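Visitor: Have a look at the structure that comes next, please.
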Amino acid sequence: MAAFVLIHGAFMGGWVWQRMASTLAGFGHDCLRPTLTGCGERSHLLRPEISLAWHVEDVAQALFHEDLERVVLVGHGYGSMIAAAVAHRHSGKVAGVVHLDGVLPERGKSFSQMCGRAAPGRGDGGDWLIPPPTAESLGVSCRELGRWLSVRLQPFPRACLEDAYAYGDRDRQLPGVFLRTTARDDRPAKSQAARAALSSMPVVELPLGPLPMITSPGRLAQALSSLALEMRPSEPPTPRRRARPVRCKARGQEPEADTS
């Protein structure tokens with residue numbers, strides 16, 4: 001089975017994948033859903049110097065510390081830029097990339113430029129932060145779900161959306177899919193899907209509606225599970241031996257390797 005690393009978009013956190021990750025786990029997949037610095041349960045770390053590169057490092061460190069290999073990176077929205085950058089930096093650890101309603105980053109261009117729209121300002125002296133959108137503006141019509149979502153959406157650092165993408169394109173040498181799930185007439189999403197098709201990247205359209213990881217978690221999980229199977233290499237790499245912990249015989253003695 002596959003190992004998924006689910007990368008959330010702006011204003012959100014790893015919490016957005018909770019329901020879908022549970023479904024993927026039920027299919028037998030492993031899931032890691034890191035929260036980027038300043039977001040979700042890490043919102044207490046929000047500060048002006050957080051950048052796109054900072055968030056790329058968040059995910060890169062997660063790959064290392066969790067001993068992950070041959071992962072499928074799933075990036076939603078802004079998270080698709082993070083997925084592409086991590087795949088470029090650590091292509092040997094990545095089996096494939098899924099751009100979920102995201103962008104195909106271009107060196108020297110920001111997320112805002114790729115989407116064709118400027119990030120709004122606050123006008124209250126805190127211009128380094130962008131206020132969160134409303135649940136209604138994201139297309140969530142269910143009142144109960146909208147309330148649940150609204151209290152979790154948080155301000156997001158402007159620099160992350162306006163930083164120029166400074167990475168190469170080794171990610172394009174890996175299996176990749178552009179997965180468009182919004183049923184709305186979203187011009188940026190259409191434009192990015194067209195770019196993917198022109199670059200010979202498969203484009204899969206699933207009319208699941210906005211934020212499918214919380215509105216249609218089962219159907220999205222099934223789609224990702226199928227895509228992951230297609231991304232598996234024909235000959236799986238030799239598994240890397242995990243380092244074993246050490247045990248100390250007694251206080252003041254040298255540690256003894258755990259051979260159990």
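Residues are referred to by chain and number: the chain letter is A, B, ... according to the order shown in the structure tokens, the number counts from 1 in that chain, and ligands are numbered separately from 1 in the order shown.
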Would you mind listing what lies within 10 Å of region 97-100 of chain A as an MDAnalysis selection string, with only C-alpha atoms counted and same-chain residues fewer than 4 positions away left out?

Guide: chainID A and resid 4:9 71:81 83:84 86:87 104 171:172 174:182 189 192:193 196 203:204 211:212 224 227:228 231

Visitor: Select from region 42-182 of chain A everything DSSP, run on the backbone, classes as strand (DSSP E or B), then give the selection as an NGL selection string.

Guide: :A and (71-76 or 94-100 or 129-130 or 156-157 or 176-180)

Visitor: Calculate how many Å separate CA of Ser137 (chain A) from CA of Leu161 (chain A), rounding to one decimal.

Guide: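 Result for CA of Ser137 (chain A) versus CA of Leu161 (chain A): 18.5 Å, one decimal.
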
Visitor: Any idea what the distance is between CA of Arg89 (chain A) and CA of Glu57 (chain A)?

Guide: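 Spanning CA of Arg89 (chain A) to CA of Glu57 (chain A) is a straight-line distance of 10.0 Å.
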
Visitor: What's the 6 Å shell around region 17-32 of chain A, counting only C-alpha atoms, without same-chain residues fewer than 4 positions away, as a VMD selection string?

Guide: chain A and resid 1 to 5 213 217 221

Visitor: Tell me which of A:Pro202, A:Pro155, A:Gly102, A:Pro131 sits closest to Cys115 (chain A), counting only C-alpha atoms.

Guide: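 Of A:Pro202, A:Pro155, A:Gly102, A:Pro131, the one nearest Cys115 (chain A), counting only C-alpha atoms, is A:Gly102.
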